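Engineer: My structure is stored as protein_11.pdb, with PDB, C-alpha atoms.
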```pdb
MODEL        1
ATOM      1  CA  MET A   1     -28.047  63.342  69.422
ATOM      2  CA  ASP A   2     -24.897  62.594  71.426
ATOM      3  CA  LYS A   3     -21.437  61.400  70.372
ATOM      4  CA  ALA A   4     -21.980  57.806  71.448
ATOM      5  CA  ALA A   5     -25.079  57.530  69.256
ATOM      6  CA  VAL A   6     -23.149  58.841  66.238
ATOM      7  CA  LEU A   7     -20.337  56.331  66.753
ATOM      8  CA  ALA A   8     -22.495  53.321  67.677
ATOM      9  CA  PRO A   9     -22.609  51.810  64.142
ATOM     10  CA  TRP A  10     -18.796  51.899  63.954
ATOM     11  CA  ILE A  11     -17.984  50.241  67.286
ATOM     12  CA  SER A  12     -18.213  46.494  67.832
ATOM     13  CA  PRO A  13     -19.112  45.662  71.466
ATOM     14  CA  GLY A  14     -16.415  43.830  73.396
ATOM     15  CA  ARG A  15     -13.578  44.653  71.024
ATOM     16  CA  VAL A  16     -10.278  44.345  72.936
ATOM     17  CA  PRO A  17      -7.803  47.138  72.222
ATOM     18  CA  VAL A  18      -4.154  46.536  71.372
ATOM     19  CA  THR A  19      -1.140  48.801  71.587
ATOM     20  CA  SER A  20      -1.294  51.300  68.756
ATOM     21  CA  GLU A  21       1.476  52.435  66.506
ATOM     22  CA  GLU A  22       2.619  56.005  67.056
ATOM     23  CA  HIS A  23       0.444  58.197  64.856
ATOM     24  CA  PHE A  24       1.219  61.695  63.607
ATOM     25  CA  ALA A  25      -1.225  64.391  62.533
ATOM     26  CA  PRO A  26      -0.206  67.845  61.325
ATOM     27  CA  SER A  27      -1.417  71.089  62.759
ATOM     28  CA  ASN A  28      -3.409  73.212  60.337
ATOM     29  CA  ILE A  29      -3.894  76.916  59.823
ATOM     30  CA  ALA A  30      -7.339  78.004  58.678
ATOM     31  CA  LEU A  31      -7.360  80.490  55.811
ATOM     32  CA  CYS A  32     -11.147  80.710  56.171
ATOM     33  CA  LYS A  33     -11.843  80.372  59.881
ATOM     34  CA  TYR A  34     -14.155  78.146  61.882
ATOM     35  CA  TRP A  35     -15.782  80.253  64.600
ATOM     36  CA  GLY A  36     -19.088  79.267  66.162
ATOM     37  CA  LYS A  37     -21.031  76.023  66.539
ATOM     38  CA  ARG A  38     -24.536  75.017  65.513
ATOM     39  CA  ASP A  39     -24.216  71.970  67.803
ATOM     40  CA  THR A  40     -21.842  72.186  70.755
ATOM     41  CA  GLN A  41     -21.993  68.467  71.626
ATOM     42  CA  LEU A  42     -21.004  67.283  68.167
ATOM     43  CA  ASN A  43     -18.779  70.278  67.308
ATOM     44  CA  LEU A  44     -20.819  71.105  64.205
ATOM     45  CA  PRO A  45     -19.811  74.469  62.732
ATOM     46  CA  VAL A  46     -21.900  77.471  61.784
ATOM     47  CA  ASN A  47     -19.821  77.873  58.622
ATOM     48  CA  ALA A  48     -17.569  75.844  56.350
ATOM     49  CA  SER A  49     -13.837  76.523  56.567
ATOM     50  CA  LEU A  50     -10.611  75.906  54.674
ATOM     51  CA  SER A  51      -7.097  75.262  55.939
ATOM     52  CA  VAL A  52      -3.566  74.342  54.943
ATOM     53  CA  SER A  53      -1.573  71.814  56.978
ATOM     54  CA  LEU A  54       1.755  72.648  58.579
ATOM     55  CA  GLY A  55       3.925  69.787  57.415
ATOM     56  CA  TYR A  56       6.100  68.423  60.212
ATOM     57  CA  LEU A  57       4.484  70.533  62.954
ATOM     58  CA  GLY A  58       1.800  68.660  64.838
ATOM     59  CA  SER A  59       1.214  65.838  67.320
ATOM     60  CA  HIS A  60       2.531  62.292  67.819
ATOM     61  CA  THR A  61       0.252  60.023  69.877
ATOM     62  CA  ARG A  62       0.369  56.405  71.000
ATOM     63  CA  LEU A  63      -2.080  54.321  73.076
ATOM     64  CA  VAL A  64      -1.002  51.445  75.321
ATOM     65  CA  PRO A  65      -3.664  49.426  77.236
ATOM     66  CA  ILE A  66      -2.796  49.252  80.944
ATOM     67  CA  ASP A  67      -4.195  47.311  83.880
ATOM     68  CA  TYR A  68      -4.735  50.406  86.020
ATOM     69  CA  SER A  69      -7.824  51.945  87.560
ATOM     70  CA  ALA A  70      -7.505  55.125  85.495
ATOM     71  CA  ASP A  71      -5.884  56.462  82.353
ATOM     72  CA  GLU A  72      -2.290  57.638  82.490
ATOM     73  CA  ILE A  73      -1.882  60.794  80.379
ATOM     74  CA  TRP A  74       1.521  62.056  79.274
ATOM     75  CA  LEU A  75       2.034  65.322  77.403
ATOM     76  CA  ASN A  76       5.451  66.389  76.137
ATOM     77  CA  GLY A  77       7.224  64.136  78.630
ATOM     78  CA  ASP A  78       5.193  65.179  81.684
ATOM     79  CA  ARG A  79       2.602  63.002  83.388
ATOM     80  CA  LEU A  80      -0.567  64.985  83.963
ATOM     81  CA  LEU A  81      -2.920  64.724  86.909
ATOM     82  CA  PRO A  82      -6.272  63.058  86.158
ATOM     83  CA  SER A  83      -7.924  66.335  87.167
ATOM     84  CA  ALA A  84      -6.098  68.332  84.476
ATOM     85  CA  ALA A  85      -8.387  69.645  81.746
ATOM     86  CA  PHE A  86      -6.318  67.949  79.026
ATOM     87  CA  SER A  87      -6.525  64.594  80.843
ATOM     88  CA  GLN A  88     -10.279  64.872  81.264
ATOM     89  CA  ARG A  89     -10.823  65.645  77.559
ATOM     90  CA  ILE A  90      -8.680  62.677  76.502
ATOM     91  CA  SER A  91     -10.388  60.254  78.918
ATOM     92  CA  ALA A  92     -13.855  61.467  77.903
ATOM     93  CA  PHE A  93     -12.966  60.805  74.263
ATOM     94  CA  LEU A  94     -11.709  57.286  75.087
ATOM     95  CA  ASP A  95     -14.918  56.599  77.039
ATOM     96  CA  LEU A  96     -16.754  56.580  73.709
ATOM     97  CA  PHE A  97     -15.028  53.327  72.756
ATOM     98  CA  ARG A  98     -14.696  51.286  75.958
ATOM     99  CA  ALA A  99     -17.021  49.681  78.444
ATOM    100  CA  PRO A 100     -17.505  51.725  81.648
ATOM    101  CA  GLY A 101     -14.679  51.202  84.129
ATOM    102  CA  GLN A 102     -12.703  48.948  81.806
ATOM    103  CA  CYS A 103      -9.757  49.185  79.464
ATOM    104  CA  HIS A 104      -7.616  52.087  80.566
ATOM    105  CA  PHE A 105      -4.724  53.484  78.575
ATOM    106  CA  ARG A 106      -1.379  55.127  78.812
ATOM    107  CA  VAL A 107      -1.720  57.987  76.325
ATOM    108  CA  THR A 108       1.567  59.510  75.224
ATOM    109  CA  THR A 109       1.377  62.710  73.199
ATOM    110  CA  ARG A 110       4.188  64.916  71.949
ATOM    111  CA  ASN A 111       3.390  68.268  70.354
ATOM    112  CA  SER A 112       5.963  69.976  68.165
ATOM    113  CA  ILE A 113       4.005  73.210  68.536
ATOM    114  CA  PRO A 114       3.045  75.142  71.705
ATOM    115  CA  THR A 115      -0.050  73.747  73.402
ATOM    116  CA  ALA A 116      -3.229  75.879  73.738
ATOM    117  CA  ALA A 117      -1.546  79.011  72.355
ATOM    118  CA  GLY A 118      -3.666  79.549  69.251
ATOM    119  CA  LEU A 119      -1.467  77.361  67.038
ATOM    120  CA  ALA A 120      -4.006  74.528  66.568
ATOM    121  CA  SER A 121      -2.441  71.981  68.915
ATOM    122  CA  SER A 122      -5.871  70.564  69.811
ATOM    123  CA  ALA A 123      -6.551  69.985  66.107
ATOM    124  CA  SER A 124      -3.435  67.918  65.565
ATOM    125  CA  GLY A 125      -3.762  66.298  69.001
ATOM    126  CA  PHE A 126      -7.262  64.923  68.519
ATOM    127  CA  ALA A 127      -6.578  63.965  64.906
ATOM    128  CA  ALA A 128      -3.581  61.904  66.058
ATOM    129  CA  LEU A 129      -5.681  60.440  68.888
ATOM    130  CA  ALA A 130      -8.433  59.466  66.437
ATOM    131  CA  LEU A 131      -5.875  57.672  64.265
ATOM    132  CA  ALA A 132      -4.492  55.875  67.330
ATOM    133  CA  VAL A 133      -7.982  54.842  68.514
ATOM    134  CA  ASN A 134      -8.804  53.486  65.057
ATOM    135  CA  ASP A 135      -5.591  51.467  65.192
ATOM    136  CA  SER A 136      -5.917  50.284  68.805
ATOM    137  CA  PHE A 137      -9.558  49.182  68.552
ATOM    138  CA  GLN A 138      -9.061  47.986  64.951
ATOM    139  CA  LEU A 139     -12.127  49.889  63.783
ATOM    140  CA  GLY A 140     -11.152  49.981  60.120
ATOM    141  CA  LEU A 141     -12.559  53.472  59.538
ATOM    142  CA  ASN A 142     -12.006  55.266  56.240
ATOM    143  CA  THR A 143     -10.589  58.801  56.110
ATOM    144  CA  GLU A 144     -14.012  60.446  55.961
ATOM    145  CA  GLN A 145     -15.108  58.573  59.084
ATOM    146  CA  LEU A 146     -11.798  59.368  60.791
ATOM    147  CA  SER A 147     -12.399  63.036  60.069
ATOM    148  CA  VAL A 148     -15.826  62.826  61.746
ATOM    149  CA  LEU A 149     -14.273  60.977  64.683
ATOM    150  CA  ALA A 150     -11.545  63.593  65.140
ATOM    151  CA  ARG A 151     -14.152  66.374  64.972
ATOM    152  CA  LEU A 152     -15.929  64.912  67.981
ATOM    153  CA  GLY A 153     -12.781  65.597  70.005
ATOM    154  CA  SER A 154     -12.008  69.050  68.603
ATOM    155  CA  GLY A 155     -13.785  70.704  65.694
ATOM    156  CA  SER A 156     -10.784  71.710  63.603
ATOM    157  CA  ALA A 157      -9.202  68.277  64.155
ATOM    158  CA  CYS A 158     -11.348  67.041  61.275
ATOM    159  CA  ARG A 159      -9.013  68.990  58.955
ATOM    160  CA  SER A 160      -5.812  67.626  60.551
ATOM    161  CA  VAL A 161      -6.593  64.057  59.506
ATOM    162  CA  PHE A 162      -5.442  65.193  56.042
ATOM    163  CA  LYS A 163      -2.513  67.109  54.554
ATOM    164  CA  GLY A 164      -2.462  70.020  52.125
ATOM    165  CA  PHE A 165      -5.474  72.249  51.487
ATOM    166  CA  VAL A 166      -8.528  70.886  53.316
ATOM    167  CA  GLU A 167     -12.107  72.143  53.273
ATOM    168  CA  TRP A 168     -14.266  71.345  56.286
ATOM    169  CA  GLN A 169     -17.756  70.969  54.874
ATOM    170  CA  MET A 170     -20.234  72.249  57.443
ATOM    171  CA  GLY A 171     -22.894  69.668  56.557
ATOM    172  CA  GLN A 172     -26.625  69.724  57.191
ATOM    173  CA  ARG A 173     -27.386  66.422  58.916
ATOM    174  CA  GLU A 174     -28.369  66.374  62.573
ATOM    175  CA  ASP A 175     -25.934  63.534  63.291
ATOM    176  CA  GLY A 176     -23.073  65.421  61.625
ATOM    177  CA  LEU A 177     -21.961  62.557  59.393
ATOM    178  CA  ASP A 178     -21.736  64.961  56.449
ATOM    179  CA  SER A 179     -19.577  67.437  58.401
ATOM    180  CA  HIS A 180     -15.976  66.432  57.718
ATOM    181  CA  GLY A 181     -12.804  67.411  55.935
ATOM    182  CA  VAL A 182     -12.241  67.014  52.194
ATOM    183  CA  VAL A 183      -8.810  67.358  50.592
ATOM    184  CA  LEU A 184      -8.583  69.825  47.727
ATOM    185  CA  PRO A 185      -6.736  68.385  44.701
ATOM    186  CA  GLU A 186      -4.527  71.440  44.207
ATOM    187  CA  THR A 187      -1.027  71.886  45.607
ATOM    188  CA  TRP A 188       0.988  75.122  45.828
ATOM    189  CA  PRO A 189       4.739  74.588  45.506
ATOM    190  CA  GLY A 190       6.528  77.577  46.988
ATOM    191  CA  LEU A 191       3.767  78.605  49.388
ATOM    192  CA  CYS A 192       5.260  79.390  52.799
ATOM    193  CA  VAL A 193       3.791  79.860  56.259
ATOM    194  CA  GLY A 194       5.897  81.770  58.763
ATOM    195  CA  LEU A 195       5.112  81.370  62.465
ATOM    196  CA  ILE A 196       5.572  84.507  64.566
ATOM    197  CA  LYS A 197       5.389  83.333  68.186
ATOM    198  CA  VAL A 198       4.413  86.389  70.203
ATOM    199  CA  ASP A 199       3.464  84.332  73.263
ATOM    200  CA  ALA A 200       3.512  80.529  73.496
ATOM    201  CA  SER A 201       1.861  80.343  76.927
ATOM    202  CA  VAL A 202      -1.635  78.927  77.476
ATOM    203  CA  LYS A 203      -4.238  81.527  76.554
ATOM    204  CA  SER A 204      -6.578  82.775  79.260
ATOM    205  CA  THR A 205      -9.777  82.002  77.295
ATOM    206  CA  ASP A 206      -9.893  78.746  75.359
ATOM    207  CA  SER A 207     -11.390  78.670  71.877
ATOM    208  CA  ARG A 208     -14.458  76.688  72.946
ATOM    209  CA  SER A 209     -15.397  79.283  75.575
ATOM    210  CA  GLY A 210     -14.495  82.125  73.235
ATOM    211  CA  MET A 211     -16.802  80.850  70.511
ATOM    212  CA  LYS A 212     -19.665  80.477  72.940
ATOM    213  CA  ARG A 213     -19.236  84.017  74.258
ATOM    214  CA  THR A 214     -19.041  85.460  70.757
ATOM    215  CA  VAL A 215     -22.125  83.661  69.473
ATOM    216  CA  GLU A 216     -24.172  84.597  72.544
ATOM    217  CA  THR A 217     -23.191  88.250  72.998
ATOM    218  CA  ALA A 218     -21.863  89.779  69.758
ATOM    219  CA  HIS A 219     -24.539  91.200  67.461
ATOM    220  CA  LEU A 220     -21.766  91.676  64.913
ATOM    221  CA  TYR A 221     -21.502  87.880  64.718
ATOM    222  CA  GLN A 222     -24.712  87.739  62.675
ATOM    223  CA  SER A 223     -22.725  88.829  59.613
ATOM    224  CA  TRP A 224     -19.970  86.253  60.118
ATOM    225  CA  PRO A 225     -21.517  83.232  58.287
ATOM    226  CA  LEU A 226     -22.081  85.324  55.140
ATOM    227  CA  GLN A 227     -18.548  86.722  55.333
ATOM    228  CA  ALA A 228     -17.057  83.242  55.755
ATOM    229  CA  ALA A 229     -19.064  81.795  52.852
ATOM    230  CA  ALA A 230     -17.911  84.574  50.520
ATOM    231  CA  ASP A 231     -14.303  84.231  51.666
ATOM    232  CA  LEU A 232     -14.384  80.476  51.124
ATOM    233  CA  GLN A 233     -15.411  80.970  47.501
ATOM    234  CA  GLN A 234     -12.610  83.479  46.974
ATOM    235  CA  LEU A 235     -10.032  81.168  48.518
ATOM    236  CA  ARG A 236     -11.134  78.256  46.349
ATOM    237  CA  ARG A 237     -10.711  80.477  43.296
ATOM    238  CA  ALA A 238      -7.303  81.718  44.446
ATOM    239  CA  ILE A 239      -6.074  78.156  44.968
ATOM    240  CA  THR A 240      -7.453  76.954  41.639
ATOM    241  CA  VAL A 241      -5.757  79.687  39.597
ATOM    242  CA  GLY A 242      -2.700  80.211  41.833
ATOM    243  CA  ASP A 243      -3.496  83.845  42.647
ATOM    244  CA  PHE A 244      -1.343  84.596  45.708
ATOM    245  CA  THR A 245      -2.586  88.149  46.169
ATOM    246  CA  LEU A 246      -6.209  86.985  46.280
ATOM    247  CA  LEU A 247      -5.270  84.186  48.674
ATOM    248  CA  GLY A 248      -3.393  86.503  51.041
ATOM    249  CA  GLN A 249      -5.915  89.332  51.007
ATOM    250  CA  THR A 250      -8.845  87.004  51.610
ATOM    251  CA  ALA A 251      -7.149  85.081  54.419
ATOM    252  CA  GLU A 252      -6.061  88.265  56.213
ATOM    253  CA  HIS A 253      -9.471  89.890  55.869
ATOM    254  CA  ASN A 254     -11.159  86.720  57.108
ATOM    255  CA  ALA A 255      -8.953  86.550  60.200
ATOM    256  CA  LEU A 256      -9.493  90.218  61.082
ATOM    257  CA  SER A 257     -13.244  89.831  60.579
ATOM    258  CA  MET A 258     -13.317  86.896  62.981
ATOM    259  CA  HIS A 259     -11.360  88.867  65.577
ATOM    260  CA  ALA A 260     -13.764  91.780  65.101
ATOM    261  CA  THR A 261     -16.638  89.547  66.241
ATOM    262  CA  MET A 262     -14.591  88.545  69.299
ATOM    263  CA  ILE A 263     -13.849  92.161  70.208
ATOM    264  CA  ALA A 264     -17.565  92.913  69.829
ATOM    265  CA  SER A 265     -18.385  90.235  72.443
ATOM    266  CA  TRP A 266     -19.108  91.058  76.059
ATOM    267  CA  PRO A 267     -16.949  91.040  78.008
ATOM    268  CA  PRO A 268     -14.651  91.893  75.076
ATOM    269  CA  LEU A 269     -12.531  89.001  73.906
ATOM    270  CA  VAL A 270      -9.125  90.267  72.788
ATOM    271  CA  TYR A 271      -6.460  87.689  72.084
ATOM    272  CA  TRP A 272      -4.024  90.258  70.664
ATOM    273  CA  GLN A 273      -1.086  91.540  72.636
ATOM    274  CA  PRO A 274       0.810  94.786  71.942
ATOM    275  CA  GLU A 275       3.445  92.757  70.070
ATOM    276  CA  SER A 276       0.716  91.224  67.888
ATOM    277  CA  LEU A 277      -0.491  94.629  66.756
ATOM    278  CA  ALA A 278       3.061  95.867  66.232
ATOM    279  CA  CYS A 279       3.683  92.866  63.981
ATOM    280  CA  MET A 280       0.501  93.566  61.994
ATOM    281  CA  GLN A 281       1.538  97.159  61.464
ATOM    282  CA  LYS A 282       4.984  96.060  60.340
ATOM    283  CA  ILE A 283       3.444  93.691  57.780
ATOM    284  CA  TRP A 284       1.161  96.454  56.458
ATOM    285  CA  ARG A 285       4.169  98.762  56.123
ATOM    286  CA  LEU A 286       6.212  96.128  54.292
ATOM    287  CA  ARG A 287       3.327  95.511  51.934
ATOM    288  CA  GLN A 288       3.043  99.220  51.178
ATOM    289  CA  GLU A 289       6.738  99.105  50.324
ATOM    290  CA  GLY A 290       6.070  96.359  47.786
ATOM    291  CA  LEU A 291       6.773  93.145  49.727
ATOM    292  CA  PRO A 292       3.916  90.648  49.087
ATOM    293  CA  VAL A 293       3.246  89.235  52.548
ATOM    294  CA  TYR A 294      -0.009  88.711  54.430
ATOM    295  CA  PHE A 295      -0.967  87.247  57.792
ATOM    296  CA  THR A 296      -3.630  85.211  59.480
ATOM    297  CA  MET A 297      -4.384  84.682  63.194
ATOM    298  CA  ASP A 298      -6.376  82.129  65.115
ATOM    299  CA  ALA A 299      -7.696  82.540  68.658
ATOM    300  CA  GLY A 300      -4.386  83.592  70.167
ATOM    301  CA  PRO A 301      -1.727  86.317  69.947
ATOM    302  CA  ASN A 302       0.525  84.545  67.430
ATOM    303  CA  LEU A 303       0.634  85.448  63.738
ATOM    304  CA  LYS A 304       1.127  83.210  60.728
ATOM    305  CA  LEU A 305       2.648  84.946  57.738
ATOM    306  CA  LEU A 306       1.683  83.908  54.215
ATOM    307  CA  PHE A 307       4.212  84.453  51.445
ATOM    308  CA  GLU A 308       5.933  82.713  48.556
ATOM    309  CA  ARG A 309       9.371  81.155  48.631
ATOM    310  CA  ASP A 310      11.069  83.836  46.524
ATOM    311  CA  GLN A 311      10.359  86.330  49.353
ATOM    312  CA  LEU A 312      11.852  84.122  52.069
ATOM    313  CA  GLU A 313      15.294  85.711  52.284
ATOM    314  CA  GLU A 314      13.901  89.237  52.494
ATOM    315  CA  LEU A 315      11.319  88.307  55.145
ATOM    316  CA  MET A 316      13.916  86.558  57.297
ATOM    317  CA  ARG A 317      15.767  89.869  57.484
ATOM    318  CA  HIS A 318      12.651  91.475  58.959
ATOM    319  CA  PHE A 319      11.582  88.497  61.097
ATOM    320  CA  PRO A 320      14.792  86.606  61.997
ATOM    321  CA  ASP A 321      13.068  84.419  64.617
ATOM    322  CA  MET A 322      10.290  83.296  62.278
ATOM    323  CA  GLU A 323       9.827  79.534  61.853
ATOM    324  CA  VAL A 324       9.070  78.732  58.219
ATOM    325  CA  ILE A 325       7.011  75.811  56.947
ATOM    326  CA  GLN A 326       6.505  74.881  53.299
ATOM    327  CA  PRO A 327       3.285  72.825  53.328
ATOM    328  CA  PHE A 328       3.953  71.386  49.886
ATOM    329  CA  GLY A 329       7.740  71.173  50.121
ATOM    330  CA  ASP A 330       9.636  71.655  46.886
ATOM    331  CA  ASP A 331       7.168  69.746  44.721
TER     332      ASP A 331
ENDMDL
END
```
Please render this file's structure as structure tokens.
Structural biologist:
Amino acid sequence: MDKAAVLAPWISPGRVPVTSEEHFAPSNIALCKYWGKRDTQLNLPVNASLSVSLGYLGSHTRLVPIDYSADEIWLNGDRLLPSAAFSQRISAFLDLFRAPGQCHFRVTTRNSIPTAAGLASSASGFAALALAVNDSFQLGLNTEQLSVLARLGSGSACRSVFKGFVEWQMGQREDGLDSHGVVLPETWPGLCVGLIKVDASVKSTDSRSGMKRTVETAHLYQSWPLQAAADLQQLRRAITVGDFTLLGQTAEHNALSMHATMIASWPPLVYWQPESLACMQKIWRLRQEGLPVYFTMDAGPNLKLLFERDQLEELMRHFPDMEVIQPFGDD
């Protein structure tokens, strides 16, 4: 089944788009990672995952219909060539909703996080684009449907339609309509995420290609779905009872396990840089000294520290350039 077939019941033929409002979607950091697809066309995952959103960090997107022969794609104030990979992904997504050769758009996107650096910019970007498409074409989709729609652009985007703790249910259906994000009812006042930006440049191997290589070449990957399922249960428990140590340990172990499958790929897939490893070792040393801090990493060299607000002052002494987000504010 392809994307157009999944969306067909939601799209009314001949609907004329209007200029959308500017829509924002937050980036998210997975505490239990998504790595590997059971369906590459529909971005259906091998395992369920769980994330926390990053508040004000994310993507702002607006669609304006234009009477041009092609889409006009703007990213962070720069107009991109139609041949750029980002432009092609955006136009291919818009093709799902318009008649061939008709209805082009000026797409304006601003990311408040580095693009394609392992900080989930594609998640927030396609979630914001899904919200803008729903607005422009007046589709009237509910949040569950919007989550499915965002997933068709980028898998983890299905979590960025929501805020807070979000579980991406892997689903079982062939059409993927049961594979979407679900908001957990719990909040965690005082939970902090600290961004350690080792390298904000575009990574040499994108996540999509990295997943494919890992699934196809790493025998170690066979253990990953079981690991992720167990970690997801532990994270749910940690969130329910407010056990920070369990949350941090599980998230860090999950991230390192995912990277282990990447390293076991061929050719080896290593997103770490020397500074990444130095930062890990520093965190392990601080924890041995009694400072409760953990980390997680996506497919990139940058680390995200997990800690509680009462440790903020001490951690800023050790990581003065760290950007701190409180996903639940001061609630």
Engineer: Using only C-alpha atoms, can you list as JSON, numbers by chain the residues within 12 Å of (-6.7, 85.8, 71.3)?
Structural biologist: {"A": [116, 117, 118, 119, 198, 199, 200, 201, 202, 203, 204, 205, 206, 207, 209, 210, 211, 255, 256, 258, 259, 260, 261, 262, 263, 268, 269, 270, 271, 272, 273, 274, 276, 277, 297, 298, 299, 300, 301, 302, 303]}
Engineer: Determine the nearest neighbour of A:Gln222 from the options A:Ala4, A:Val46, A:Met170, A:Arg15, counting only C-alpha atoms.
Structural biologist: A:Val46
Engineer: Which residues of stretch 57-114 of chain A sit at most 9 Å from stretch 129-137 of chain A, using only C-alpha atoms? Give each one's shortest atom pair and distance in Å (one decimal place), in chain and ascending residue order, as JSON lines.
Structural biologist:
```
{"residue": "A:Ser59", "atom": "CA", "partner": "A:Leu129", "partner_atom": "CA", "distance": 8.9}
{"residue": "A:His60", "atom": "CA", "partner": "A:Leu129", "partner_atom": "CA", "distance": 8.5}
{"residue": "A:Thr61", "atom": "CA", "partner": "A:Leu129", "partner_atom": "CA", "distance": 6.0}
{"residue": "A:Arg62", "atom": "CA", "partner": "A:Ala132", "partner_atom": "CA", "distance": 6.1}
{"residue": "A:Leu63", "atom": "CA", "partner": "A:Ala132", "partner_atom": "CA", "distance": 6.4}
{"residue": "A:Val64", "atom": "CA", "partner": "A:Ser136", "partner_atom": "CA", "distance": 8.2}
{"residue": "A:Pro65", "atom": "CA", "partner": "A:Ser136", "partner_atom": "CA", "distance": 8.8}
{"residue": "A:Ile90", "atom": "CA", "partner": "A:Leu129", "partner_atom": "CA", "distance": 8.5}
{"residue": "A:Leu94", "atom": "CA", "partner": "A:Val133", "partner_atom": "CA", "distance": 7.9}
{"residue": "A:Phe97", "atom": "CA", "partner": "A:Phe137", "partner_atom": "CA", "distance": 8.0}
{"residue": "A:Val107", "atom": "CA", "partner": "A:Leu129", "partner_atom": "CA", "distance": 8.8}
{"residue": "A:Thr109", "atom": "CA", "partner": "A:Leu129", "partner_atom": "CA", "distance": 8.6}
```
Engineer: Could you pull the residues within 6 Å of A:Ala150, counting all atoms listed in the file, minus those fewer than 5 positions along the same chain, as a VMD selection string?
Structural biologist: chain A and resid 126 to 127 130 157 to 158
Engineer: Just the number, please: distance in Å from atom CA of A:Arg151 to atom CA of A:Asn111, one decimal.
Structural biologist: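 We find that atom CA of A:Arg151 and atom CA of A:Asn111 lie 18.4 Å from each other.
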Engineer: One number please: atom CA of A:Ile325 to atom CA of A:Gly55, in Å, one decimal.
Structural biologist: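 One can read the atom CA of A:Ile325 to atom CA of A:Gly55 distance as 6.8 Å.
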Engineer: Carefully work through the PyMOL selection byres ((chain A and resi 124) around 7) for this structure and note down the residues it includes, as a PyMOL selection string.
Structural biologist: chain A and resi 25-27+58-59+120-123+125-128+157+160
Engineer: Work out how far apart atom CA of A:Gln88 and atom CA of A:Thr217 are and give it in Å to one decimal.
Structural biologist: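 So the two atoms, atom CA of A:Gln88 and atom CA of A:Thr217, lie 28.0 Å apart.
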Engineer: Taking the file as I've supplied it (selection: the PyMOL selection byres ((chain A and resi 186) around 9)), which residues are included? Please answer as a list of chain:residue names.
Structural biologist: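 Output of the PyMOL selection byres ((chain A and resi 186) around 9): A:Gly164, A:Phe165, A:Val183, A:Leu184, A:Pro185, A:Thr187, A:Trp188, A:Ile239, A:Thr240.
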Engineer: For the residues selected in the previous step, produce a file with C-alpha atoms as a short mmCIF file (atom, residue, chain, number, x, y, z; two decimals), in the coordinates of the input.
Structural biologist:
```
data_model
loop_
_atom_site.label_atom_id
_atom_site.label_comp_id
_atom_site.auth_asym_id
_atom_site.auth_seq_id
_atom_site.Cartn_x
_atom_site.Cartn_y
_atom_site.Cartn_z
CA GLY A 164 -2.46 70.02 52.12
CA PHE A 165 -5.47 72.25 51.49
CA VAL A 183 -8.81 67.36 50.59
CA LEU A 184 -8.58 69.82 47.73
CA PRO A 185 -6.74 68.39 44.70
CA THR A 187 -1.03 71.89 45.61
CA TRP A 188 0.99 75.12 45.83
CA ILE A 239 -6.07 78.16 44.97
CA THR A 240 -7.45 76.95 41.64
#
```
Engineer: Please write the residues picked by the PyMOL selection byres ((chain A and resi 67) around 10) on this file as an mmCIF file with C-alpha atoms, keeping the file's coordinate frame.
Structural biologist:
```
data_model
loop_
_atom_site.group_PDB
_atom_site.id
_atom_site.type_symbol
_atom_site.label_atom_id
_atom_site.label_comp_id
_atom_site.auth_asym_id
_atom_site.auth_seq_id
_atom_site.Cartn_x
_atom_site.Cartn_y
_atom_site.Cartn_z
ATOM 1 C CA PRO A 65 -3.664 49.426 77.236
ATOM 2 C CA ILE A 66 -2.796 49.252 80.944
ATOM 3 C CA TYR A 68 -4.735 50.406 86.020
ATOM 4 C CA SER A 69 -7.824 51.945 87.560
ATOM 5 C CA ALA A 70 -7.505 55.125 85.495
ATOM 6 C CA ASP A 71 -5.884 56.462 82.353
ATOM 7 C CA GLN A 102 -12.703 48.948 81.806
ATOM 8 C CA CYS A 103 -9.757 49.185 79.464
ATOM 9 C CA HIS A 104 -7.616 52.087 80.566
ATOM 10 C CA PHE A 105 -4.724 53.484 78.575
ATOM 11 C CA ARG A 106 -1.379 55.127 78.812
#
```
Engineer: Fewer than 3 positions away in the same chain doesn't count, so skip those; otherwise give me all residues within 12 Å of A:Pro45, counting all atoms listed in the file, as a CSV table (one decimal) with C-alpha atoms, keeping the file's coordinate frame.
Structural biologist:
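The resulting file, out_17.csv, is shown below:
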```csv
chain,number,residue,atom,x,y,z
A,33,LYS,CA,-11.8,80.4,59.9
A,34,TYR,CA,-14.2,78.1,61.9
A,35,TRP,CA,-15.8,80.3,64.6
A,36,GLY,CA,-19.1,79.3,66.2
A,37,LYS,CA,-21.0,76.0,66.5
A,38,ARG,CA,-24.5,75.0,65.5
A,39,ASP,CA,-24.2,72.0,67.8
A,40,THR,CA,-21.8,72.2,70.8
A,41,GLN,CA,-22.0,68.5,71.6
A,42,LEU,CA,-21.0,67.3,68.2
A,48,ALA,CA,-17.6,75.8,56.4
A,49,SER,CA,-13.8,76.5,56.6
A,151,ARG,CA,-14.2,66.4,65.0
A,152,LEU,CA,-15.9,64.9,68.0
A,154,SER,CA,-12.0,69.0,68.6
A,155,GLY,CA,-13.8,70.7,65.7
A,156,SER,CA,-10.8,71.7,63.6
A,158,CYS,CA,-11.3,67.0,61.3
A,168,TRP,CA,-14.3,71.3,56.3
A,169,GLN,CA,-17.8,71.0,54.9
A,170,MET,CA,-20.2,72.2,57.4
A,171,GLY,CA,-22.9,69.7,56.6
A,172,GLN,CA,-26.6,69.7,57.2
A,173,ARG,CA,-27.4,66.4,58.9
A,174,GLU,CA,-28.4,66.4,62.6
A,176,GLY,CA,-23.1,65.4,61.6
A,178,ASP,CA,-21.7,65.0,56.4
A,179,SER,CA,-19.6,67.4,58.4
A,180,HIS,CA,-16.0,66.4,57.7
A,208,ARG,CA,-14.5,76.7,72.9
A,211,MET,CA,-16.8,80.8,70.5
A,212,LYS,CA,-19.7,80.5,72.9
A,215,VAL,CA,-22.1,83.7,69.5
A,225,PRO,CA,-21.5,83.2,58.3
A,228,ALA,CA,-17.1,83.2,55.8
```
